[in-house]
file run-v6.cif (mmCIF, C-alpha atoms and all ligand atoms)
data_entry
#
loop_
_atom_site.group_PDB
_atom_site.id
_atom_site.type_symbol
_atom_site.label_atom_id
_atom_site.label_comp_id
_atom_site.auth_asym_id
_atom_site.auth_seq_id
_atom_site.Cartn_x
_atom_site.Cartn_y
_atom_site.Cartn_z
ATOM 1 C CA MET H 1252 0.000 0.000 0.000
ATOM 2 C CA ARG H 1253 1.180 3.508 -0.828
ATOM 3 C CA LEU H 1254 0.547 6.449 1.540
ATOM 4 C CA ASP H 1255 1.094 10.108 0.719
ATOM 5 C CA VAL H 1256 0.829 12.790 3.382
ATOM 6 C CA VAL H 1257 0.902 16.493 2.481
ATOM 7 C CA THR H 1258 1.535 18.665 5.552
ATOM 8 C CA ILE H 1259 3.197 21.849 6.755
ATOM 9 C CA PHE H 1260 4.779 19.769 9.558
ATOM 10 C CA PRO H 1261 6.569 16.823 7.896
ATOM 11 C CA GLU H 1262 8.421 16.153 11.172
ATOM 12 C CA TYR H 1263 5.064 15.467 12.852
ATOM 13 C CA LEU H 1264 4.909 12.252 10.790
ATOM 14 C CA GLU H 1265 8.231 10.916 12.170
ATOM 15 C CA PRO H 1266 6.372 8.274 14.224
ATOM 16 C CA LEU H 1267 5.612 6.550 10.907
ATOM 17 C CA ASN H 1268 9.233 5.300 11.143
ATOM 18 C CA VAL H 1269 8.632 3.531 14.449
ATOM 19 C CA SER H 1270 7.103 0.259 15.645
ATOM 20 C CA LEU H 1271 4.491 -1.578 13.561
ATOM 21 C CA VAL H 1272 4.214 1.042 10.785
ATOM 22 C CA GLY H 1273 7.996 1.540 10.693
ATOM 23 C CA LYS H 1274 8.536 -2.211 10.350
ATOM 24 C CA ALA H 1275 5.884 -2.473 7.629
ATOM 25 C CA ARG H 1276 7.778 0.238 5.729
ATOM 26 C CA ALA H 1277 11.110 -1.497 6.207
ATOM 27 C CA ARG H 1278 9.605 -4.730 4.870
ATOM 28 C CA GLY H 1279 8.165 -2.922 1.823
ATOM 29 C CA GLN H 1280 4.536 -3.523 2.837
ATOM 30 C CA LEU H 1281 3.950 0.219 3.119
ATOM 31 C CA ASP H 1282 5.420 2.866 0.822
ATOM 32 C CA VAL H 1283 5.139 6.198 2.674
ATOM 33 C CA HIS H 1284 5.738 9.599 1.036
ATOM 34 C CA VAL H 1285 5.585 12.700 3.258
ATOM 35 C CA HIS H 1286 5.496 16.037 1.389
ATOM 36 C CA ASP H 1287 6.066 19.556 2.732
ATOM 37 C CA LEU H 1288 3.138 21.701 1.537
ATOM 38 C CA ARG H 1289 5.311 24.822 1.753
ATOM 39 C CA GLU H 1290 7.395 23.556 -1.179
ATOM 40 C CA TRP H 1291 4.380 24.450 -3.308
ATOM 41 C CA ALA H 1292 3.919 27.946 -1.838
ATOM 42 C CA TYR H 1293 4.739 30.657 -4.362
ATOM 43 C CA ASP H 1294 5.759 33.755 -2.385
ATOM 44 C CA ARG H 1295 8.955 34.420 -0.454
ATOM 45 C CA HIS H 1296 7.170 33.924 2.874
ATOM 46 C CA ASN H 1297 5.987 30.438 1.812
ATOM 47 C CA THR H 1298 2.397 31.436 2.565
ATOM 48 C CA VAL H 1299 -0.136 28.592 2.555
ATOM 49 C CA ASP H 1300 -3.079 30.339 4.243
ATOM 50 C CA ASP H 1301 -5.171 33.482 3.890
ATOM 51 C CA THR H 1302 -8.135 35.229 5.517
ATOM 52 C CA PRO H 1303 -11.563 33.638 5.057
ATOM 53 C CA TYR H 1304 -14.064 35.024 2.547
ATOM 54 C CA GLY H 1305 -17.096 36.230 4.483
ATOM 55 C CA GLY H 1306 -14.944 37.164 7.454
ATOM 56 C CA GLY H 1307 -14.595 35.385 10.758
ATOM 57 C CA PRO H 1308 -11.694 34.237 12.900
ATOM 58 C CA GLY H 1309 -8.710 32.180 11.809
ATOM 59 C CA MET H 1310 -7.163 31.457 8.457
ATOM 60 C CA VAL H 1311 -8.035 29.142 5.568
ATOM 61 C CA MET H 1312 -5.489 27.045 3.650
ATOM 62 C CA LYS H 1313 -5.101 28.242 0.056
ATOM 63 C CA THR H 1314 -6.130 26.307 -3.059
ATOM 64 C CA GLY H 1315 -2.914 26.821 -5.077
ATOM 65 C CA PRO H 1316 -0.321 25.043 -2.898
ATOM 66 C CA TRP H 1317 -2.714 22.167 -2.134
ATOM 67 C CA GLY H 1318 -3.599 21.658 -5.787
ATOM 68 C CA ASP H 1319 0.035 21.670 -6.910
ATOM 69 C CA ALA H 1320 1.181 19.399 -4.049
ATOM 70 C CA LEU H 1321 -1.587 16.858 -4.706
ATOM 71 C CA ASP H 1322 -1.019 16.897 -8.473
ATOM 72 C CA SER H 1323 2.675 16.211 -7.904
ATOM 73 C CA ALA H 1324 2.001 13.265 -5.537
ATOM 74 C CA LEU H 1325 -0.631 11.917 -7.941
ATOM 75 C CA ALA H 1326 1.677 12.169 -10.956
ATOM 76 C CA ASP H 1327 4.355 10.190 -9.122
ATOM 77 C CA GLY H 1328 1.968 7.439 -8.012
ATOM 78 C CA TYR H 1329 0.354 7.117 -11.454
ATOM 79 C CA GLU H 1330 3.787 6.937 -13.065
ATOM 80 C CA ARG H 1331 4.655 4.049 -10.760
ATOM 81 C CA GLY H 1332 1.354 2.325 -11.511
ATOM 82 C CA VAL H 1333 0.221 2.235 -7.884
ATOM 83 C CA GLY H 1334 -3.492 1.839 -8.682
ATOM 84 C CA SER H 1335 -6.449 4.057 -7.883
ATOM 85 C CA PRO H 1336 -6.003 6.635 -5.115
ATOM 86 C CA ALA H 1337 -8.414 7.759 -2.407
ATOM 87 C CA LEU H 1338 -8.174 11.087 -0.618
ATOM 88 C CA ILE H 1339 -8.421 11.027 3.176
ATOM 89 C CA VAL H 1340 -9.291 14.418 4.657
ATOM 90 C CA PRO H 1341 -9.014 14.507 8.459
ATOM 91 C CA THR H 1342 -11.514 16.974 9.886
ATOM 92 C CA PRO H 1343 -13.599 17.196 13.057
ATOM 93 C CA SER H 1344 -16.621 17.596 10.762
ATOM 94 C CA GLY H 1345 -15.982 14.290 8.969
ATOM 95 C CA ARG H 1346 -17.690 10.922 9.376
ATOM 96 C CA PRO H 1347 -16.525 8.978 12.442
ATOM 97 C CA PHE H 1348 -13.456 6.836 11.828
ATOM 98 C CA THR H 1349 -14.396 3.270 12.795
ATOM 99 C CA GLN H 1350 -12.887 -0.205 12.548
ATOM 100 C CA GLU H 1351 -15.246 -0.840 9.641
ATOM 101 C CA LEU H 1352 -13.805 2.137 7.773
ATOM 102 C CA ALA H 1353 -10.261 1.012 8.675
ATOM 103 C CA VAL H 1354 -11.022 -2.338 6.999
ATOM 104 C CA GLU H 1355 -12.411 -0.583 3.916
ATOM 105 C CA LEU H 1356 -9.349 1.667 3.619
ATOM 106 C CA SER H 1357 -6.966 -1.275 4.162
ATOM 107 C CA GLU H 1358 -8.327 -2.822 0.950
ATOM 108 C CA ARG H 1359 -7.279 0.165 -1.181
ATOM 109 C CA PRO H 1360 -3.848 0.374 -2.848
ATOM 110 C CA TRP H 1361 -3.201 4.062 -2.264
ATOM 111 C CA LEU H 1362 -4.270 6.629 0.358
ATOM 112 C CA ILE H 1363 -3.459 10.343 0.168
ATOM 113 C CA PHE H 1364 -3.864 12.295 3.415
ATOM 114 C CA THR H 1365 -4.454 16.058 3.609
ATOM 115 C CA PRO H 1366 -4.035 17.043 7.282
ATOM 116 C CA ALA H 1367 -4.960 20.716 7.625
ATOM 117 C CA ARG H 1368 -4.062 23.382 10.156
ATOM 118 C CA TYR H 1369 -5.981 26.588 10.903
ATOM 119 C CA GLU H 1370 -9.685 26.567 9.973
ATOM 120 C CA GLY H 1371 -9.229 23.961 7.243
ATOM 121 C CA ILE H 1372 -8.663 23.844 3.474
ATOM 122 C CA ASP H 1373 -10.539 25.932 0.882
ATOM 123 C CA ARG H 1374 -13.513 23.700 -0.004
ATOM 124 C CA ARG H 1375 -12.797 23.887 -3.737
ATOM 125 C CA VAL H 1376 -9.725 21.668 -3.290
ATOM 126 C CA ILE H 1377 -11.784 18.791 -1.872
ATOM 127 C CA ASP H 1378 -14.558 19.314 -4.459
ATOM 128 C CA GLU H 1379 -11.993 19.277 -7.269
ATOM 129 C CA TYR H 1380 -10.391 15.943 -6.291
ATOM 130 C CA ALA H 1381 -13.785 14.421 -5.465
ATOM 131 C CA THR H 1382 -14.500 14.470 -9.217
ATOM 132 C CA ARG H 1383 -11.494 12.185 -9.768
ATOM 133 C CA MET H 1384 -11.367 9.824 -6.765
ATOM 134 C CA PRO H 1385 -13.234 8.763 -3.639
ATOM 135 C CA VAL H 1386 -12.869 11.278 -0.836
ATOM 136 C CA TYR H 1387 -13.230 10.231 2.800
ATOM 137 C CA GLU H 1388 -13.634 13.106 5.240
ATOM 138 C CA VAL H 1389 -12.962 11.481 8.599
ATOM 139 C CA SER H 1390 -13.036 12.524 12.238
ATOM 140 C CA ILE H 1391 -11.183 10.502 14.862
ATOM 141 C CA GLY H 1392 -13.438 11.731 17.665
ATOM 142 C CA ASP H 1393 -15.629 14.475 19.017
ATOM 143 C CA TYR H 1394 -12.871 16.879 19.978
ATOM 144 C CA VAL H 1395 -10.885 19.443 18.043
ATOM 145 C CA LEU H 1396 -7.168 18.939 17.446
ATOM 146 C CA ALA H 1397 -4.806 21.731 16.435
ATOM 147 C CA GLY H 1398 -4.330 19.969 13.102
ATOM 148 C CA GLY H 1399 -5.015 16.754 11.234
ATOM 149 C CA GLU H 1400 -1.535 15.210 11.547
ATOM 150 C CA ALA H 1401 -2.319 13.262 14.739
ATOM 151 C CA ALA H 1402 -5.428 11.908 12.980
ATOM 152 C CA VAL H 1403 -3.227 10.723 10.087
ATOM 153 C CA LEU H 1404 -1.103 8.770 12.579
ATOM 154 C CA VAL H 1405 -4.223 7.220 14.107
ATOM 155 C CA VAL H 1406 -5.782 6.209 10.784
ATOM 156 C CA THR H 1407 -2.471 4.917 9.412
ATOM 157 C CA GLU H 1408 -1.836 2.702 12.428
ATOM 158 C CA ALA H 1409 -5.370 1.280 12.396
ATOM 159 C CA VAL H 1410 -5.120 0.548 8.662
ATOM 160 C CA ALA H 1411 -1.519 -0.735 8.586
ATOM 161 C CA ARG H 1412 -2.102 -3.433 11.190
ATOM 162 C CA LEU H 1413 -4.849 -4.890 8.964
ATOM 163 C CA LEU H 1414 -2.559 -5.315 5.942
ATOM 164 C CA PRO H 1415 -1.663 -8.924 5.147
ATOM 165 C CA GLY H 1416 1.531 -9.996 6.924
ATOM 166 C CA VAL H 1417 1.912 -6.842 9.041
ATOM 167 C CA LEU H 1418 0.795 -8.277 12.399
ATOM 168 C CA GLY H 1419 3.080 -11.027 13.702
ATOM 169 C CA ASN H 1420 0.272 -13.356 14.685
ATOM 170 C CA ALA H 1421 -2.338 -13.535 11.915
ATOM 171 C CA GLU H 1422 -4.969 -14.308 14.545
ATOM 172 C CA SER H 1423 -4.296 -11.275 16.664
ATOM 173 C CA HIS H 1424 -6.998 -9.026 15.282
ATOM 174 C CA ARG H 1425 -9.635 -11.742 15.511
ATOM 175 C CA ASP H 1426 -10.636 -10.801 19.078
ATOM 176 C CA ASP H 1427 -10.110 -7.042 18.745
ATOM 177 C CA SER H 1428 -12.733 -4.820 20.238
ATOM 178 C CA PHE H 1429 -14.915 -3.910 17.211
ATOM 179 C CA ALA H 1430 -13.854 -7.008 15.201
ATOM 180 C CA PRO H 1431 -16.710 -8.790 13.425
ATOM 181 C CA GLY H 1432 -17.867 -12.127 14.875
ATOM 182 C CA ALA H 1433 -19.421 -13.532 18.046
ATOM 183 C CA MET H 1434 -18.065 -10.678 20.164
ATOM 184 C CA ALA H 1435 -19.122 -8.121 17.558
ATOM 185 C CA ASN H 1436 -19.705 -4.725 19.120
ATOM 186 C CA LEU H 1437 -18.311 -5.769 22.516
ATOM 187 C CA LEU H 1438 -15.208 -4.239 24.059
ATOM 188 C CA GLU H 1439 -12.408 -6.614 25.021
ATOM 189 C CA GLY H 1440 -12.236 -7.536 28.705
ATOM 190 C CA PRO H 1441 -9.154 -7.756 30.946
ATOM 191 C CA VAL H 1442 -6.080 -9.856 30.156
ATOM 192 C CA TYR H 1443 -3.439 -11.407 32.442
ATOM 193 C CA THR H 1444 0.021 -12.973 32.177
ATOM 194 C CA LYS H 1445 2.635 -14.494 34.501
ATOM 195 C CA PRO H 1446 3.308 -14.373 37.414
ATOM 196 C CA PRO H 1447 0.091 -15.850 38.857
ATOM 197 C CA LEU H 1448 0.447 -13.782 42.063
ATOM 198 C CA TRP H 1449 1.556 -10.120 42.113
ATOM 199 C CA ARG H 1450 1.366 -7.879 45.210
ATOM 200 C CA GLY H 1451 -1.169 -10.233 46.693
ATOM 201 C CA ARG H 1452 -3.324 -10.144 43.540
ATOM 202 C CA ASP H 1453 -4.108 -13.425 41.817
ATOM 203 C CA ILE H 1454 -5.771 -14.042 38.480
ATOM 204 C CA PRO H 1455 -9.301 -15.296 37.797
ATOM 205 C CA GLU H 1456 -9.280 -19.032 38.526
ATOM 206 C CA VAL H 1457 -11.188 -19.954 35.372
ATOM 207 C CA LEU H 1458 -8.177 -18.906 33.267
ATOM 208 C CA LEU H 1459 -6.125 -21.707 34.910
ATOM 209 C CA SER H 1460 -8.869 -24.314 34.475
ATOM 210 C CA GLY H 1461 -7.881 -25.363 30.955
ATOM 211 C CA HIS H 1462 -11.606 -25.517 30.179
ATOM 212 C CA HIS H 1463 -11.893 -23.700 26.832
ATOM 213 C CA GLY H 1464 -15.685 -23.425 26.919
ATOM 214 C CA LYS H 1465 -15.705 -21.902 30.409
ATOM 215 C CA ILE H 1466 -12.876 -19.543 29.495
ATOM 216 C CA ALA H 1467 -14.700 -18.357 26.373
ATOM 217 C CA ARG H 1468 -17.856 -17.782 28.399
ATOM 218 C CA TRP H 1469 -15.935 -15.857 31.073
ATOM 219 C CA ARG H 1470 -14.280 -13.656 28.433
ATOM 220 C CA ARG H 1471 -17.650 -12.901 26.905
ATOM 221 C CA ASP H 1472 -19.172 -12.040 30.297
ATOM 222 C CA GLU H 1473 -16.282 -9.711 31.057
ATOM 223 C CA ALA H 1474 -16.622 -8.097 27.623
ATOM 224 C CA LEU H 1475 -20.313 -7.560 28.197
ATOM 225 C CA THR H 1476 -19.790 -6.042 31.669
ATOM 226 C CA ARG H 1477 -17.115 -3.723 30.348
ATOM 227 C CA THR H 1478 -19.176 -2.667 27.358
ATOM 228 C CA ALA H 1479 -22.224 -1.985 29.544
ATOM 229 C CA ALA H 1480 -20.069 0.232 31.783
ATOM 230 C CA HIS H 1481 -18.128 2.142 29.124
ATOM 231 C CA ARG H 1482 -20.234 1.976 25.945
ATOM 232 C CA PRO H 1483 -23.900 1.168 26.582
ATOM 233 C CA ASP H 1484 -24.598 2.495 23.068
ATOM 234 C CA LEU H 1485 -22.707 -0.495 21.615
ATOM 235 C CA ILE H 1486 -24.948 -2.969 23.464
ATOM 236 C CA GLU H 1487 -28.013 -1.300 21.992
ATOM 237 C CA ARG H 1488 -26.553 -1.858 18.529
ATOM 238 C CA CYS H 1489 -26.207 -5.653 19.074
ATOM 239 C CA ALA H 1490 -28.835 -7.953 17.557
ATOM 240 C CA PRO H 1491 -31.130 -9.408 20.276
ATOM 241 C CA GLU H 1492 -29.975 -12.938 19.250
ATOM 242 C CA ALA H 1493 -26.477 -11.937 20.390
ATOM 243 C CA PHE H 1494 -27.620 -12.373 24.007
ATOM 244 C CA ASP H 1495 -28.744 -15.495 25.850
ATOM 245 C CA LYS H 1496 -30.688 -15.947 29.095
ATOM 246 C CA LYS H 1497 -27.555 -15.690 31.255
ATOM 247 C CA ASP H 1498 -26.597 -12.376 29.632
ATOM 248 C CA ARG H 1499 -30.004 -10.942 30.375
ATOM 249 C CA GLU H 1500 -29.611 -11.852 34.048
ATOM 250 C CA MET H 1501 -26.325 -9.899 34.297
HETATM 251 N N1 LIG L 1 -8.584 17.821 12.881
HETATM 252 C C1 LIG L 1 -8.918 18.489 13.992
HETATM 253 N N2 LIG L 1 -9.669 17.766 14.813
HETATM 254 C C2 LIG L 1 -9.827 16.546 14.200
HETATM 255 C C3 LIG L 1 -10.525 15.359 14.536
HETATM 256 N N3 LIG L 1 -11.218 15.236 15.675
HETATM 257 N N4 LIG L 1 -10.478 14.325 13.669
HETATM 258 C C4 LIG L 1 -9.794 14.443 12.509
HETATM 259 N N5 LIG L 1 -9.120 15.542 12.138
HETATM 260 C C5 LIG L 1 -9.141 16.586 12.969
#
call {"tool": "encode", "arguments": {"input": "run-v6.cif", "output": "C-alpha cells", "more": "lines below"}}
Ligand code: ADE
result
Amino acid sequence: MRLDVVTIFPEYLEPLNVSLVGKARARGQLDVHVHDLREWAYDRHNTVDDTPYGGGPGMVMKTGPWGDALDSALADGYERGVGSPALIVPTPSGRPFTQELAVELSERPWLIFTPARYEGIDRRVIDEYATRMPVYEVSIGDYVLAGGEAAVLVVTEAVARLLPGVLGNAESHRDDSFAPGAMANLLEGPVYTKPPLWRGRDIPEVLLSGHHGKIARWRRDEALTRTAAHRPDLIERCAPEAFDKKDREM
C-alpha cells in the first residue's frame, strides 16, 4: 500500500518510522511519502493560508499550494502504476473513523492524506479531487485537534495493522474490540500474564482451568460487563440474538 501525506509539519509524521508502521515500511509492505506543503507555496514567505471570505476568525489554507502538491504526488503514483487513489481528509466535521472504515481503507492500494491546520482547506480543493477519486472526510473523535496530523497517525496505524503480513500473529486481530464475529460490538475484557500472584493479587481461577468453553464464556461475560459500563450504546446496537438468558440476568 502507498501512503502520501501532504503537511506543513513533515516532522510530525516521524512516528511513521517507528514500531508496527515503521517495520511495515522497512519490509516494503507500506510505501510512505511525506510532502512539505510549503514547497508548493509561491511567495517568499511560503504562505499557505489566507483570511476567510465572508470574514470570521482564523485562516483558511489556500487552493494553489494544495492543488500543486496533490497533483505532484498523484503524478508520481500514477507513473509508478500504484493503482487508484483515495483522498483522506481529516476533519472534526468528517464521518466517524471506525474499525469498519479502517477495513475498507486497508483494501485500497493508495491513500493520500491532507491534514490541515488553521480553519481547514478551501472547499474547492476537496470538491476538485472528489470528481477524480473517492474522498473520505474522517473525524477521529468528538474533539478538536490543532491539526489533522495526529489523525493521520491514528488512521495509518489502524489501517496498517490490517494489511496482510503486518501483524506477527495472523490471529491477533480476531478478538479485537470492534472485530466482526461472536463478540461483535463488545469491548475486550481484561487480560493477564505471569506471574500468577503479584502484590497479593491473583488471576481469575477460570483462566487456569484449561476448560476452553468456560474460558470463552468468562471472556464474553467480562466483555459484556465492560461494554455496559463504558459503551452502553454499543450494546443497543447488538442484535437481540447476540444475548442469551444468562446475559439478560447480568
Ligand atoms: N482535525 C482536527 N480535529 C480533528 C478530529 N477530531 N479528527 C480528525 N481531524 C481533525
call {"tool": "closest_residue", "arguments": {"input": "run-v6.cif", "among": "H:Gln1280, H:Phe1494, H:Ile1466, H:Tyr1369", "to": "H:Pro1308", "atoms": "all atoms listed in the file"}}
result
H:Tyr1369
call {"tool": "resolve_selection", "arguments": {"input": "run-v6.cif", "expression": "the PyMOL selection byres (((chain H and resi 1329-1336) around 6) and not hetatm)", "output": "PyMOL selection string"}}
result
chain H and resi 1326-1328+1337+1361-1362
call {"tool": "closest_atom_pairs", "arguments": {"input": "run-v6.cif", "of": "chain H", "to": "ligand LIG 1 (chain L)", "cutoff": "9 Å", "atoms": "all atoms listed in the file", "output": "JSON lines"}}
result
{"residue": "H:Val1340", "atom": "CA", "partner": "L:LIG1", "partner_atom": "N5", "distance": 7.6}
{"residue": "H:Pro1341", "atom": "CA", "partner": "L:LIG1", "partner_atom": "N5", "distance": 3.8}
{"residue": "H:Thr1342", "atom": "CA", "partner": "L:LIG1", "partner_atom": "N5", "distance": 3.6}
{"residue": "H:Pro1343", "atom": "CA", "partner": "L:LIG1", "partner_atom": "C3", "distance": 3.9}
{"residue": "H:Ser1344", "atom": "CA", "partner": "L:LIG1", "partner_atom": "C3", "distance": 7.5}
{"residue": "H:Gly1345", "atom": "CA", "partner": "L:LIG1", "partner_atom": "C4", "distance": 7.1}
{"residue": "H:Pro1347", "atom": "CA", "partner": "L:LIG1", "partner_atom": "N4", "distance": 8.2}
{"residue": "H:Phe1348", "atom": "CA", "partner": "L:LIG1", "partner_atom": "N4", "distance": 8.3}
{"residue": "H:Pro1366", "atom": "CA", "partner": "L:LIG1", "partner_atom": "N5", "distance": 7.2}
{"residue": "H:Ala1367", "atom": "CA", "partner": "L:LIG1", "partner_atom": "N1", "distance": 7.0}
{"residue": "H:Arg1368", "atom": "CA", "partner": "L:LIG1", "partner_atom": "N1", "distance": 7.7}
{"residue": "H:Gly1371", "atom": "CA", "partner": "L:LIG1", "partner_atom": "N1", "distance": 8.4}
{"residue": "H:Glu1388", "atom": "CA", "partner": "L:LIG1", "partner_atom": "C4", "distance": 8.3}
{"residue": "H:Val1389", "atom": "CA", "partner": "L:LIG1", "partner_atom": "C4", "distance": 5.8}
{"residue": "H:Ser1390", "atom": "CA", "partner": "L:LIG1", "partner_atom": "N4", "distance": 3.4}
{"residue": "H:Ile1391", "atom": "CA", "partner": "L:LIG1", "partner_atom": "N4", "distance": 4.1}
{"residue": "H:Gly1392", "atom": "CA", "partner": "L:LIG1", "partner_atom": "N3", "distance": 4.6}
{"residue": "H:Asp1393", "atom": "CA", "partner": "L:LIG1", "partner_atom": "N3", "distance": 5.6}
{"residue": "H:Tyr1394", "atom": "CA", "partner": "L:LIG1", "partner_atom": "N3", "distance": 4.9}
{"residue": "H:Val1395", "atom": "CA", "partner": "L:LIG1", "partner_atom": "N2", "distance": 3.8}
{"residue": "H:Leu1396", "atom": "CA", "partner": "L:LIG1", "partner_atom": "N2", "distance": 3.8}
{"residue": "H:Ala1397", "atom": "CA", "partner": "L:LIG1", "partner_atom": "C1", "distance": 5.8}
{"residue": "H:Gly1398", "atom": "CA", "partner": "L:LIG1", "partner_atom": "N1", "distance": 4.8}
{"residue": "H:Gly1399", "atom": "CA", "partner": "L:LIG1", "partner_atom": "N1", "distance": 4.1}
{"residue": "H:Glu1400", "atom": "CA", "partner": "L:LIG1", "partner_atom": "N5", "distance": 7.6}
{"residue": "H:Ala1401", "atom": "CA", "partner": "L:LIG1", "partner_atom": "N5", "distance": 7.6}
{"residue": "H:Ala1402", "atom": "CA", "partner": "L:LIG1", "partner_atom": "C4", "distance": 5.1}
{"residue": "H:Val1403", "atom": "CA", "partner": "L:LIG1", "partner_atom": "N5", "distance": 7.9}
call {"tool": "residues_near_point", "arguments": {"input": "run-v6.cif", "point": "(3.9, 21.7, 3.4)", "cutoff": "6 Å", "atoms": "only C-alpha atoms", "output": "ChimeraX atom specification"}}
result
/H:1258-1259,1287-1289
call {"tool": "residues_near_point", "arguments": {"input": "run-v6.cif", "point": "(-33.2, -3.8, 29.4)", "cutoff": "12 Å", "atoms": "only C-alpha atoms", "output": "number ranges by chain"}}
result
H: 1479, 1483, 1486-1487, 1491, 1494, 1498-1501
call {"tool": "atom_distance", "arguments": {"input": "run-v6.cif", "atom1": "atom CA of H:Val1354", "atom2": "atom CA of H:Pro1415"}}
result
11.6 Å
call {"tool": "residues_around", "arguments": {"input": "run-v6.cif", "residues": "H:Leu1352", "least_positions_apart": "2", "cutoff": "12 Å", "atoms": "all atoms listed in the file", "output": "PyMOL selection string"}}
result
chain H and resi 1339+1346-1350+1354-1359+1387-1391+1406-1407+1409-1410+1413+1429-1430
call {"tool": "resolve_selection", "arguments": {"input": "run-v6.cif", "expression": "the PyMOL selection byres (((chain H and resi 1372) around 7) and not hetatm)", "output": "list in words"}}
result
Val1311, Met1312, Lys1313, Ala1367, Gly1371, Asp1373 and Arg1374 of chain H
call {"tool": "closest_residue", "arguments": {"input": "run-v6.cif", "among": "H:Pro1446, H:Pro1385, H:Pro1455, H:Pro1261", "to": "H:His1284", "atoms": "all atoms listed in the file"}}
result
H:Pro1261
call {"tool": "atom_distance", "arguments": {"input": "run-v6.cif", "atom1": "atom CA of H:Val1257", "atom2": "atom CA of H:Val1269"}}
result
19.3 Å
call {"tool": "closest_residue", "arguments": {"input": "run-v6.cif", "among": "H:Arg1412, H:Lys1445, H:His1296, H:Arg1375", "to": "H:Val1272", "atoms": "all atoms listed in the file"}}
result
H:Arg1412
call {"tool": "atom_distance", "arguments": {"input": "run-v6.cif", "atom1": "atom CA of H:Asn1297", "atom2": "atom CA of H:Pro1316"}}
result
9.5 Å
call {"tool": "resolve_selection", "arguments": {"input": "run-v6.cif", "expression": "the PyMOL selection byres (((chain H and resi 1318) around 10) and not hetatm)", "output": "list of chain:residue names"}}
result
H:Leu1288, H:Trp1291, H:Lys1313, H:Thr1314, H:Gly1315, H:Pro1316, H:Trp1317, H:Asp1319, H:Ala1320, H:Leu1321, H:Asp1322, H:Ser1323, H:Arg1375, H:Val1376, H:Ile1377, H:Glu1379, H:Tyr1380
call {"tool": "closest_residue", "arguments": {"input": "run-v6.cif", "among": "H:Ala1467, H:Cys1489, H:His1424, H:Arg1482", "to": "H:Ala1411", "atoms": "all atoms listed in the file"}}
result
H:His1424
call {"tool": "residues_around", "arguments": {"input": "run-v6.cif", "residues": "H:Leu1281", "least_positions_apart": "2", "cutoff": "7 Å", "atoms": "all atoms listed in the file", "output": "list of chain:residue names"}}
result
H:Met1252, H:Arg1253, H:Ala1275, H:Arg1276, H:Gly1279, H:Val1283
call {"tool": "closest_residue", "arguments": {"input": "run-v6.cif", "among": "H:Glu1265, H:Met1434, H:Asp1495, H:Arg1488", "to": "H:Arg1470", "atoms": "only C-alpha atoms"}}
result
H:Met1434
call {"tool": "closest_residue", "arguments": {"input": "run-v6.cif", "among": "H:Glu1370, H:Glu1492, H:Asp1453, H:Glu1473", "to": "H:Asp1301", "atoms": "all atoms listed in the file"}}
result
H:Glu1370
